[in-house]
$ cat my_file16.pdb   # PDB, C-alpha atoms, pLDDT in the B column
MODEL        1
ATOM      1  CA  MET A  21     -90.949  26.953 -50.395  1.00 44.00           C
ATOM      2  CA  GLY A  22     -88.379  24.856 -48.566  1.00 69.00           C
ATOM      3  CA  TRP A  23     -85.441  26.067 -46.547  1.00 89.00           C
ATOM      4  CA  LEU A  24     -84.016  27.878 -49.596  1.00 95.00           C
ATOM      5  CA  PRO A  25     -85.713  29.086 -52.779  1.00 94.00           C
ATOM      6  CA  ASP A  26     -85.487  26.556 -55.625  1.00 91.00           C
ATOM      7  CA  ASP A  27     -83.560  29.028 -57.777  1.00 94.00           C
ATOM      8  CA  PHE A  28     -80.979  29.920 -55.111  1.00 96.00           C
ATOM      9  CA  ASP A  29     -77.350  29.518 -56.213  1.00 96.00           C
ATOM     10  CA  HIS A  30     -74.973  29.229 -53.279  1.00 97.00           C
ATOM     11  CA  PRO A  31     -71.747  31.220 -53.470  1.00 97.00           C
ATOM     12  CA  LEU A  32     -68.783  29.217 -54.746  1.00 98.00           C
ATOM     13  CA  ARG A  33     -66.026  31.532 -53.471  1.00 98.00           C
ATOM     14  CA  VAL A  34     -65.990  34.350 -50.942  1.00 98.00           C
ATOM     15  CA  GLU A  35     -62.934  36.514 -50.324  1.00 97.00           C
ATOM     16  CA  VAL A  36     -61.968  36.827 -46.655  1.00 97.00           C
ATOM     17  CA  GLY A  37     -59.340  39.505 -46.303  1.00 87.00           C
ATOM     18  CA  PRO A  38     -56.076  39.455 -48.246  1.00 93.00           C
ATOM     19  CA  GLY A  39     -54.941  35.973 -49.216  1.00 96.00           C
ATOM     20  CA  TYR A  40     -57.854  33.923 -47.823  1.00 98.00           C
ATOM     21  CA  HIS A  41     -61.192  32.726 -49.127  1.00 98.00           C
ATOM     22  CA  LEU A  42     -64.138  30.479 -48.348  1.00 98.00           C
ATOM     23  CA  ARG A  43     -65.385  27.776 -50.671  1.00 98.00           C
ATOM     24  CA  PRO A  44     -67.660  24.755 -50.233  1.00 98.00           C
ATOM     25  CA  ILE A  45     -65.761  21.861 -48.686  1.00 98.00           C
ATOM     26  CA  ARG A  46     -65.222  18.624 -50.597  1.00 98.00           C
ATOM     27  CA  ALA A  47     -64.262  15.091 -49.609  1.00 97.00           C
ATOM     28  CA  THR A  48     -60.968  15.620 -51.424  1.00 98.00           C
ATOM     29  CA  ASP A  49     -60.054  18.282 -48.829  1.00 98.00           C
ATOM     30  CA  VAL A  50     -59.457  15.609 -46.186  1.00 98.00           C
ATOM     31  CA  GLU A  51     -55.650  15.944 -46.281  1.00 98.00           C
ATOM     32  CA  LEU A  52     -56.000  19.608 -45.251  1.00 98.00           C
ATOM     33  CA  ASP A  53     -59.084  19.232 -43.072  1.00 98.00           C
ATOM     34  CA  MET A  54     -57.805  16.395 -40.889  1.00 97.00           C
ATOM     35  CA  PRO A  55     -54.760  18.257 -39.468  1.00 97.00           C
ATOM     36  CA  ALA A  56     -56.809  21.451 -39.056  1.00 97.00           C
ATOM     37  CA  VAL A  57     -59.544  19.690 -37.082  1.00 97.00           C
ATOM     38  CA  MET A  58     -57.384  17.323 -35.072  1.00 97.00           C
ATOM     39  CA  GLY A  59     -54.787  20.011 -34.362  1.00 97.00           C
ATOM     40  CA  SER A  60     -57.551  21.992 -32.651  1.00 97.00           C
ATOM     41  CA  GLN A  61     -59.661  19.027 -31.492  1.00 97.00           C
ATOM     42  CA  PRO A  62     -59.693  19.714 -27.724  1.00 97.00           C
ATOM     43  CA  ARG A  63     -60.926  23.294 -28.227  1.00 96.00           C
ATOM     44  CA  LEU A  64     -63.339  22.350 -31.009  1.00 96.00           C
ATOM     45  CA  TRP A  65     -64.813  19.630 -28.785  1.00 95.00           C
ATOM     46  CA  THR A  66     -65.555  22.223 -26.082  1.00 94.00           C
ATOM     47  CA  ILE A  67     -67.467  24.246 -28.701  1.00 94.00           C
ATOM     48  CA  PHE A  68     -69.232  21.626 -30.830  1.00 94.00           C
ATOM     49  CA  GLY A  69     -69.025  18.448 -28.755  1.00 92.00           C
ATOM     50  CA  PRO A  70     -72.107  18.913 -26.569  1.00 91.00           C
ATOM     51  CA  ALA A  71     -74.315  19.765 -29.576  1.00 92.00           C
ATOM     52  CA  TRP A  72     -72.817  17.680 -32.387  1.00 93.00           C
ATOM     53  CA  GLY A  73     -70.529  15.133 -30.741  1.00 93.00           C
ATOM     54  CA  TRP A  74     -67.769  16.465 -32.989  1.00 94.00           C
ATOM     55  CA  PRO A  75     -64.844  16.156 -33.447  1.00 96.00           C
ATOM     56  CA  PRO A  76     -64.190  12.906 -31.604  1.00 96.00           C
ATOM     57  CA  ALA A  77     -60.683  12.547 -30.203  1.00 96.00           C
ATOM     58  CA  THR A  78     -60.177   9.315 -32.152  1.00 96.00           C
ATOM     59  CA  MET A  79     -61.439  10.483 -35.555  1.00 96.00           C
ATOM     60  CA  THR A  80     -59.646   8.726 -38.404  1.00 97.00           C
ATOM     61  CA  ALA A  81     -58.888  10.122 -41.845  1.00 96.00           C
ATOM     62  CA  GLU A  82     -61.482   7.748 -43.326  1.00 97.00           C
ATOM     63  CA  GLN A  83     -64.141   8.994 -40.875  1.00 97.00           C
ATOM     64  CA  ASP A  84     -63.235  12.565 -41.767  1.00 97.00           C
ATOM     65  CA  ARG A  85     -63.424  11.759 -45.500  1.00 97.00           C
ATOM     66  CA  GLU A  86     -66.896  10.222 -44.983  1.00 97.00           C
ATOM     67  CA  ASP A  87     -67.986  13.306 -43.029  1.00 97.00           C
ATOM     68  CA  LEU A  88     -66.684  15.626 -45.750  1.00 98.00           C
ATOM     69  CA  ALA A  89     -68.397  13.525 -48.451  1.00 98.00           C
ATOM     70  CA  ARG A  90     -71.665  13.892 -46.510  1.00 97.00           C
ATOM     71  CA  HIS A  91     -71.140  17.664 -46.347  1.00 98.00           C
ATOM     72  CA  GLU A  92     -70.421  17.722 -50.078  1.00 98.00           C
ATOM     73  CA  ARG A  93     -73.692  15.857 -50.805  1.00 97.00           C
ATOM     74  CA  GLU A  94     -75.643  18.171 -48.480  1.00 97.00           C
ATOM     75  CA  ILE A  95     -74.188  21.234 -50.207  1.00 97.00           C
ATOM     76  CA  GLU A  96     -75.123  19.887 -53.632  1.00 96.00           C
ATOM     77  CA  ALA A  97     -78.671  19.187 -52.394  1.00 95.00           C
ATOM     78  CA  HIS A  98     -78.841  22.582 -50.622  1.00 96.00           C
ATOM     79  CA  GLU A  99     -79.613  20.836 -47.334  1.00 96.00           C
ATOM     80  CA  SER A 100     -76.794  22.536 -45.399  1.00 97.00           C
ATOM     81  CA  PHE A 101     -73.471  24.177 -46.190  1.00 98.00           C
ATOM     82  CA  ASN A 102     -69.918  23.785 -44.921  1.00 98.00           C
ATOM     83  CA  TYR A 103     -67.502  26.370 -46.256  1.00 98.00           C
ATOM     84  CA  ALA A 104     -63.804  25.830 -45.647  1.00 98.00           C
ATOM     85  CA  LEU A 105     -61.503  28.792 -45.056  1.00 98.00           C
ATOM     86  CA  PHE A 106     -58.367  28.411 -47.175  1.00 98.00           C
ATOM     87  CA  ASP A 107     -55.244  30.352 -47.943  1.00 98.00           C
ATOM     88  CA  GLU A 108     -55.062  31.632 -51.524  1.00 97.00           C
ATOM     89  CA  GLU A 109     -53.266  28.559 -52.918  1.00 98.00           C
ATOM     90  CA  GLU A 110     -55.462  26.150 -50.921  1.00 98.00           C
ATOM     91  CA  THR A 111     -52.450  24.598 -49.245  1.00 98.00           C
ATOM     92  CA  GLU A 112     -53.834  25.290 -45.757  1.00 97.00           C
ATOM     93  CA  LEU A 113     -57.332  24.844 -44.342  1.00 98.00           C
ATOM     94  CA  VAL A 114     -57.690  27.442 -41.597  1.00 98.00           C
ATOM     95  CA  GLY A 115     -61.278  26.883 -40.396  1.00 98.00           C
ATOM     96  CA  CYS A 116     -64.885  26.337 -41.433  1.00 98.00           C
ATOM     97  CA  VAL A 117     -68.253  28.102 -41.574  1.00 98.00           C
ATOM     98  CA  TYR A 118     -71.435  26.025 -41.161  1.00 98.00           C
ATOM     99  CA  ILE A 119     -74.753  27.289 -42.535  1.00 98.00           C
ATOM    100  CA  ASP A 120     -77.588  25.017 -41.476  1.00 97.00           C
ATOM    101  CA  PRO A 121     -81.364  24.970 -41.497  1.00 97.00           C
ATOM    102  CA  PRO A 122     -82.728  25.699 -38.040  1.00 96.00           C
ATOM    103  CA  GLU A 123     -83.089  22.980 -35.444  1.00 95.00           C
ATOM    104  CA  LYS A 124     -84.452  25.379 -32.836  1.00 96.00           C
ATOM    105  CA  VAL A 125     -87.368  27.815 -32.925  1.00 94.00           C
ATOM    106  CA  GLY A 126     -86.846  31.477 -33.790  1.00 93.00           C
ATOM    107  CA  ALA A 127     -84.513  31.450 -36.807  1.00 95.00           C
ATOM    108  CA  ASP A 128     -84.493  30.505 -40.469  1.00 94.00           C
ATOM    109  CA  ALA A 129     -80.776  29.596 -40.451  1.00 97.00           C
ATOM    110  CA  GLU A 130     -78.220  28.646 -37.824  1.00 97.00           C
ATOM    111  CA  VAL A 131     -74.609  29.545 -38.472  1.00 98.00           C
ATOM    112  CA  SER A 132     -71.370  28.846 -36.639  1.00 97.00           C
ATOM    113  CA  TRP A 133     -67.676  28.964 -37.469  1.00 98.00           C
ATOM    114  CA  TRP A 134     -64.210  28.279 -36.174  1.00 98.00           C
ATOM    115  CA  VAL A 135     -60.557  28.809 -36.946  1.00 98.00           C
ATOM    116  CA  ARG A 136     -57.585  26.641 -36.031  1.00 98.00           C
ATOM    117  CA  ASP A 137     -56.048  27.252 -32.619  1.00 98.00           C
ATOM    118  CA  GLU A 138     -53.103  29.241 -33.962  1.00 97.00           C
ATOM    119  CA  TYR A 139     -55.512  31.716 -35.607  1.00 98.00           C
ATOM    120  CA  VAL A 140     -57.655  32.369 -32.519  1.00 98.00           C
ATOM    121  CA  GLY A 141     -57.416  36.079 -31.713  1.00 97.00           C
ATOM    122  CA  SER A 142     -55.722  36.859 -35.027  1.00 97.00           C
ATOM    123  CA  GLY A 143     -56.599  39.497 -37.576  1.00 97.00           C
ATOM    124  CA  LEU A 144     -57.849  36.716 -39.866  1.00 97.00           C
ATOM    125  CA  GLU A 145     -60.300  35.519 -37.213  1.00 97.00           C
ATOM    126  CA  ASP A 146     -61.454  39.123 -36.695  1.00 97.00           C
ATOM    127  CA  GLU A 147     -61.953  39.502 -40.454  1.00 97.00           C
ATOM    128  CA  LEU A 148     -63.981  36.270 -40.603  1.00 98.00           C
ATOM    129  CA  ASP A 149     -66.073  37.428 -37.616  1.00 97.00           C
ATOM    130  CA  ARG A 150     -66.888  40.678 -39.455  1.00 97.00           C
ATOM    131  CA  LEU A 151     -67.424  39.043 -42.830  1.00 98.00           C
ATOM    132  CA  VAL A 152     -69.831  36.210 -41.990  1.00 98.00           C
ATOM    133  CA  PRO A 153     -72.815  38.341 -40.844  1.00 97.00           C
ATOM    134  CA  ARG A 154     -72.360  40.768 -43.787  1.00 97.00           C
ATOM    135  CA  TRP A 155     -72.030  37.892 -46.268  1.00 98.00           C
ATOM    136  CA  LEU A 156     -75.143  36.185 -44.951  1.00 97.00           C
ATOM    137  CA  ALA A 157     -77.134  39.419 -45.224  1.00 96.00           C
ATOM    138  CA  ALA A 158     -75.897  40.187 -48.738  1.00 97.00           C
ATOM    139  CA  SER A 159     -75.777  36.760 -50.397  1.00 97.00           C
ATOM    140  CA  TRP A 160     -78.274  34.492 -48.647  1.00 97.00           C
ATOM    141  CA  PRO A 161     -82.105  34.672 -48.573  1.00 96.00           C
ATOM    142  CA  PHE A 162     -82.446  34.562 -44.779  1.00 96.00           C
ATOM    143  CA  ARG A 163     -84.426  36.950 -42.599  1.00 94.00           C
ATOM    144  CA  ALA A 164     -83.506  35.649 -39.135  1.00 94.00           C
ATOM    145  CA  VAL A 165     -80.017  34.173 -38.855  1.00 96.00           C
ATOM    146  CA  ARG A 166     -78.877  32.800 -35.519  1.00 97.00           C
ATOM    147  CA  LEU A 167     -75.109  33.055 -35.026  1.00 97.00           C
ATOM    148  CA  ILE A 168     -74.444  30.254 -32.551  1.00 97.00           C
ATOM    149  CA  GLY A 169     -71.464  30.939 -30.355  1.00 94.00           C
ATOM    150  CA  ARG A 170     -71.677  34.636 -31.314  1.00 93.00           C
ATOM    151  CA  ASP A 171     -75.130  36.090 -30.550  1.00 90.00           C
ATOM    152  CA  LEU A 172     -75.912  33.303 -28.079  1.00 93.00           C
ATOM    153  CA  THR A 173     -73.860  30.595 -26.442  1.00 93.00           C
ATOM    154  CA  TRP A 174     -74.027  26.969 -27.460  1.00 93.00           C
ATOM    155  CA  GLN A 175     -75.492  26.213 -24.020  1.00 93.00           C
ATOM    156  CA  ASP A 176     -78.259  28.774 -24.588  1.00 94.00           C
ATOM    157  CA  TRP A 177     -78.869  27.328 -28.057  1.00 95.00           C
ATOM    158  CA  LEU A 178     -79.166  23.805 -26.639  1.00 93.00           C
ATOM    159  CA  ALA A 179     -81.755  25.091 -24.149  1.00 95.00           C
ATOM    160  CA  LEU A 180     -84.011  26.544 -26.878  1.00 95.00           C
ATOM    161  CA  PRO A 181     -87.082  24.525 -27.853  1.00 95.00           C
ATOM    162  CA  ASP A 182     -86.576  22.233 -30.827  1.00 94.00           C
ATOM    163  CA  LEU A 183     -88.569  22.821 -33.963  1.00 92.00           C
ATOM    164  CA  PRO A 184     -91.347  20.272 -34.308  1.00 89.00           C
ATOM    165  CA  ASP A 185     -90.462  17.308 -36.501  1.00 79.00           C
ATOM    166  CA  PRO A 186     -92.826  17.454 -39.494  1.00 70.00           C
ATOM    167  CA  GLU A 187     -92.572  13.651 -39.746  1.00 71.00           C
ATOM    168  CA  GLU A 188     -94.128  13.253 -36.291  1.00 66.00           C
ATOM    169  CA  PRO A 189     -97.946  13.003 -36.352  1.00 59.00           C
ATOM    170  CA  ASP A 190     -98.277  15.188 -33.236  1.00 54.00           C
ATOM    171  CA  ALA A 191     -96.208  17.949 -34.862  1.00 46.00           C
ATOM    172  CA  LEU A 192     -98.989  18.574 -37.347  1.00 45.00           C
ATOM    173  CA  ARG A 193    -101.725  18.941 -34.734  1.00 41.00           C
ATOM    174  CA  PRO A 194    -102.296  22.258 -33.012  1.00 41.00           C
ATOM    175  CA  SER A 195    -101.474  22.198 -29.322  1.00 41.00           C
ATOM    176  CA  SER A 196    -104.360  22.580 -26.902  1.00 36.00           C
TER     177      SER A 196
ENDMDL
END
$ encode --input "my_file16.pdb" --output "structure tokens"
Amino acid sequence: MGWLPDDFDHPLRVEVGPGYHLRPIRATDVELDMPAVMGSQPRLWTIFGPAWGWPPATMTAEQDREDLARHEREIEAHESFNYALFDEEETELVGCVYIDPPEKVGADAEVSWWVRDEYVGSGLEDELDRLVPRWLAASWPFRAVRLIGRDLTWQDWLALPDLPDPEEPDALRPSS
């Protein structure tokens, strides 16, 4: 078995409080994603920059479109998942939830999320904070989810040991 069971169907829409929902992001969402990300770029960089180098201050719409297309391919292949938080009519992208295979020891999934600056501390952010752990427990086949930025800081996550790379010959040998 890989990261997810072969027969797993990822959720296509998740209600998040009145008037908002999550759905897998697509490259065609760039016109809503770009202002959401770049409008909150300084804060998002303090969260994700040290780990992911994202979002760069000079990100262009084409770079964002390429990044979203990569996410869309990864979702289709069940390699990782980026869910965008939208208003009901999908005229506003409010934030994102990332569900990734583990990079560090001790978890079978690593999850993080954000909302745009103007939603920080809002009831919608509180609702998303309550929803994500419940949704993961109810709809995903994980046993040990790590909520980065929630149950441990990004700095603590960065300090955890990396999982061995199965492509490395030494990773397959037992340590002495």
$ residues_around --input "my_file16.pdb" --residues "range 90-107 of chain A" --least-positions-apart "4" --cutoff "8 Å" --atoms "all atoms listed in the file" --output "ChimeraX atom specification"
/A:23-24,39-47,86,111-121
$ closest_residue --input "my_file16.pdb" --among "A:Asp176, A:Glu35, A:Glu109, A:Glu123" --to "Leu144 in chain A" --atoms "all atoms listed in the file"
A:Glu35
$ atom_distance --input "my_file16.pdb" --atom1 "CA of Asp49 in chain A" --atom2 "CA of Arg33 in chain A"
15.3 Å
$ closest_residue --input "my_file16.pdb" --among "A:Leu148, A:Ala77, A:Ala129, A:Ile67" --to "Gln175 in chain A" --atoms "all atoms listed in the file"
A:Ile67
$ closest_residue --input "my_file16.pdb" --among "A:Leu180, A:Val152, A:Ile168, A:Leu64" --to "Val34 in chain A" --atoms "only C-alpha atoms"
A:Val152
$ closest_residue --input "my_file16.pdb" --among "A:Asp149, A:Asp137, A:Glu187, A:Asp53" --to "Gly37 in chain A" --atoms "all atoms listed in the file"
A:Asp149
$ atom_distance --input "my_file16.pdb" --atom1 "CA of Leu183 in chain A" --atom2 "CA of Gly73 in chain A"
19.9 Å
$ residues_around --input "my_file16.pdb" --residues "Glu138 in chain A" --least-positions-apart "5" --cutoff "12 Å" --atoms "all atoms listed in the file" --output "MDAnalysis selection string"
chainID A and resid 56:57 59:60 63 114:115 143:145
$ write_last_selection --input "my_file16.pdb" --atoms "C-alpha atoms" --output "PDB file, in the frame of the given file"
ATOM      1  CA  ALA A  56     -56.809  21.451 -39.056  1.00 97.00           C
ATOM      2  CA  VAL A  57     -59.544  19.690 -37.082  1.00 97.00           C
ATOM      3  CA  GLY A  59     -54.787  20.011 -34.362  1.00 97.00           C
ATOM      4  CA  SER A  60     -57.551  21.992 -32.651  1.00 97.00           C
ATOM      5  CA  ARG A  63     -60.926  23.294 -28.227  1.00 96.00           C
ATOM      6  CA  VAL A 114     -57.690  27.442 -41.597  1.00 98.00           C
ATOM      7  CA  GLY A 115     -61.278  26.883 -40.396  1.00 98.00           C
ATOM      8  CA  GLY A 143     -56.599  39.497 -37.576  1.00 97.00           C
ATOM      9  CA  LEU A 144     -57.849  36.716 -39.866  1.00 97.00           C
ATOM     10  CA  GLU A 145     -60.300  35.519 -37.213  1.00 97.00           C
TER      11      GLU A 145
END
$ closest_residue --input "my_file16.pdb" --among "A:Asp128, A:Glu147, A:Glu51, A:Asp26" --to "Leu88 in chain A" --atoms "only C-alpha atoms"
A:Glu51
$ atom_distance --input "my_file16.pdb" --atom1 "CA of His30 in chain A" --atom2 "CA of Val135 in chain A"
21.8 Å
$ residues_near_point --input "my_file16.pdb" --point "(-78.0, 37.8, -40.8)" --cutoff "12 Å" --atoms "all atoms listed in the file" --output "list of chain:residue names"
A:Ile119, A:Ala127, A:Asp128, A:Ala129, A:Glu130, A:Val131, A:Ser132, A:Arg150, A:Leu151, A:Val152, A:Pro153, A:Arg154, A:Trp155, A:Leu156, A:Ala157, A:Ala158, A:Ser159, A:Trp160, A:Pro161, A:Phe162, A:Arg163, A:Ala164, A:Val165, A:Arg166, A:Leu167, A:Ile168, A:Arg170, A:Asp171
$ decode --input "my_file16.pdb" --residues "range 23-34 of chain A" --atoms "all heavy atoms" --output "short mmCIF file (atom, residue, chain, number, x, y, z; two decimals), in the first residue's frame"
data_model
loop_
_atom_site.label_atom_id
_atom_site.label_comp_id
_atom_site.auth_asym_id
_atom_site.auth_seq_id
_atom_site.Cartn_x
_atom_site.Cartn_y
_atom_site.Cartn_z
N TRP A 23 0.88 5.69 -0.06
CA TRP A 23 0.45 6.70 0.89
C TRP A 23 -1.05 6.62 1.15
O TRP A 23 -1.52 6.78 2.27
CB TRP A 23 0.84 8.07 0.33
CG TRP A 23 0.46 9.22 1.21
CD1 TRP A 23 0.74 9.36 2.53
CD2 TRP A 23 -0.28 10.37 0.83
NE1 TRP A 23 0.22 10.54 3.00
CE2 TRP A 23 -0.39 11.18 1.97
CE3 TRP A 23 -0.83 10.80 -0.36
CZ2 TRP A 23 -1.05 12.41 1.95
CZ3 TRP A 23 -1.48 12.03 -0.37
CH2 TRP A 23 -1.59 12.81 0.78
N LEU A 24 -1.83 6.36 0.11
CA LEU A 24 -3.28 6.22 0.22
C LEU A 24 -3.71 4.91 -0.42
O LEU A 24 -3.08 4.45 -1.36
CB LEU A 24 -3.98 7.38 -0.52
CG LEU A 24 -3.78 8.77 0.08
CD1 LEU A 24 -4.23 9.83 -0.90
CD2 LEU A 24 -4.52 8.89 1.39
N PRO A 25 -4.78 4.31 0.08
CA PRO A 25 -5.28 3.08 -0.56
C PRO A 25 -5.63 3.34 -2.03
O PRO A 25 -6.09 4.44 -2.38
CB PRO A 25 -6.53 2.73 0.24
CG PRO A 25 -6.41 3.48 1.52
CD PRO A 25 -5.58 4.70 1.24
N ASP A 26 -5.43 2.34 -2.88
CA ASP A 26 -5.70 2.50 -4.31
C ASP A 26 -7.15 2.88 -4.59
O ASP A 26 -7.43 3.59 -5.56
CB ASP A 26 -5.37 1.20 -5.06
CG ASP A 26 -3.88 0.93 -5.12
OD1 ASP A 26 -3.09 1.88 -4.92
OD2 ASP A 26 -3.51 -0.23 -5.34
N ASP A 27 -8.07 2.45 -3.74
CA ASP A 27 -9.49 2.73 -3.99
C ASP A 27 -10.00 3.99 -3.29
O ASP A 27 -11.20 4.27 -3.29
CB ASP A 27 -10.35 1.53 -3.59
CG ASP A 27 -10.26 1.20 -2.10
OD1 ASP A 27 -9.37 1.76 -1.41
OD2 ASP A 27 -11.07 0.39 -1.63
N PHE A 28 -9.09 4.79 -2.73
CA PHE A 28 -9.50 6.00 -2.03
C PHE A 28 -9.99 7.05 -3.03
O PHE A 28 -9.33 7.33 -4.03
CB PHE A 28 -8.34 6.57 -1.21
CG PHE A 28 -8.68 7.86 -0.52
CD1 PHE A 28 -9.54 7.88 0.56
CD2 PHE A 28 -8.15 9.06 -0.97
CE1 PHE A 28 -9.86 9.07 1.20
CE2 PHE A 28 -8.46 10.25 -0.35
CZ PHE A 28 -9.32 10.26 0.74
N ASP A 29 -11.14 7.63 -2.76
CA ASP A 29 -11.67 8.75 -3.54
C ASP A 29 -11.60 10.00 -2.68
O ASP A 29 -12.25 10.06 -1.62
CB ASP A 29 -13.13 8.49 -3.94
CG ASP A 29 -13.26 7.38 -4.97
OD1 ASP A 29 -12.38 7.28 -5.85
OD2 ASP A 29 -14.23 6.62 -4.88
N HIS A 30 -10.82 10.97 -3.10
CA HIS A 30 -10.71 12.20 -2.30
C HIS A 30 -11.99 13.02 -2.40
O HIS A 30 -12.67 13.01 -3.43
CB HIS A 30 -9.48 13.01 -2.71
CG HIS A 30 -9.54 13.56 -4.10
ND1 HIS A 30 -9.15 12.84 -5.21
CD2 HIS A 30 -9.93 14.76 -4.57
CE1 HIS A 30 -9.30 13.56 -6.29
NE2 HIS A 30 -9.77 14.75 -5.94
N PRO A 31 -12.33 13.69 -1.32
CA PRO A 31 -13.54 14.54 -1.34
C PRO A 31 -13.42 15.64 -2.39
O PRO A 31 -12.35 16.23 -2.58
CB PRO A 31 -13.57 15.13 0.07
CG PRO A 31 -12.77 14.18 0.91
CD PRO A 31 -11.70 13.65 -0.01
N LEU A 32 -14.52 15.92 -3.05
CA LEU A 32 -14.55 16.94 -4.10
C LEU A 32 -15.11 18.27 -3.61
O LEU A 32 -14.89 19.30 -4.24
CB LEU A 32 -15.35 16.44 -5.30
CG LEU A 32 -14.80 15.18 -5.96
CD1 LEU A 32 -15.69 14.76 -7.12
CD2 LEU A 32 -13.36 15.40 -6.42
N ARG A 33 -15.84 18.24 -2.50
CA ARG A 33 -16.40 19.46 -1.91
C ARG A 33 -16.66 19.21 -0.44
O ARG A 33 -17.21 18.17 -0.08
CB ARG A 33 -17.70 19.84 -2.62
CG ARG A 33 -18.29 21.15 -2.11
CD ARG A 33 -19.60 21.45 -2.83
NE ARG A 33 -20.28 22.57 -2.21
CZ ARG A 33 -20.32 23.80 -2.71
NH1 ARG A 33 -19.74 24.07 -3.85
NH2 ARG A 33 -20.98 24.76 -2.07
N VAL A 34 -16.28 20.18 0.37
CA VAL A 34 -16.47 20.08 1.82
C VAL A 34 -17.04 21.42 2.29
O VAL A 34 -16.43 22.47 2.06
CB VAL A 34 -15.14 19.78 2.55
CG1 VAL A 34 -15.34 19.70 4.05
CG2 VAL A 34 -14.49 18.53 1.99
#
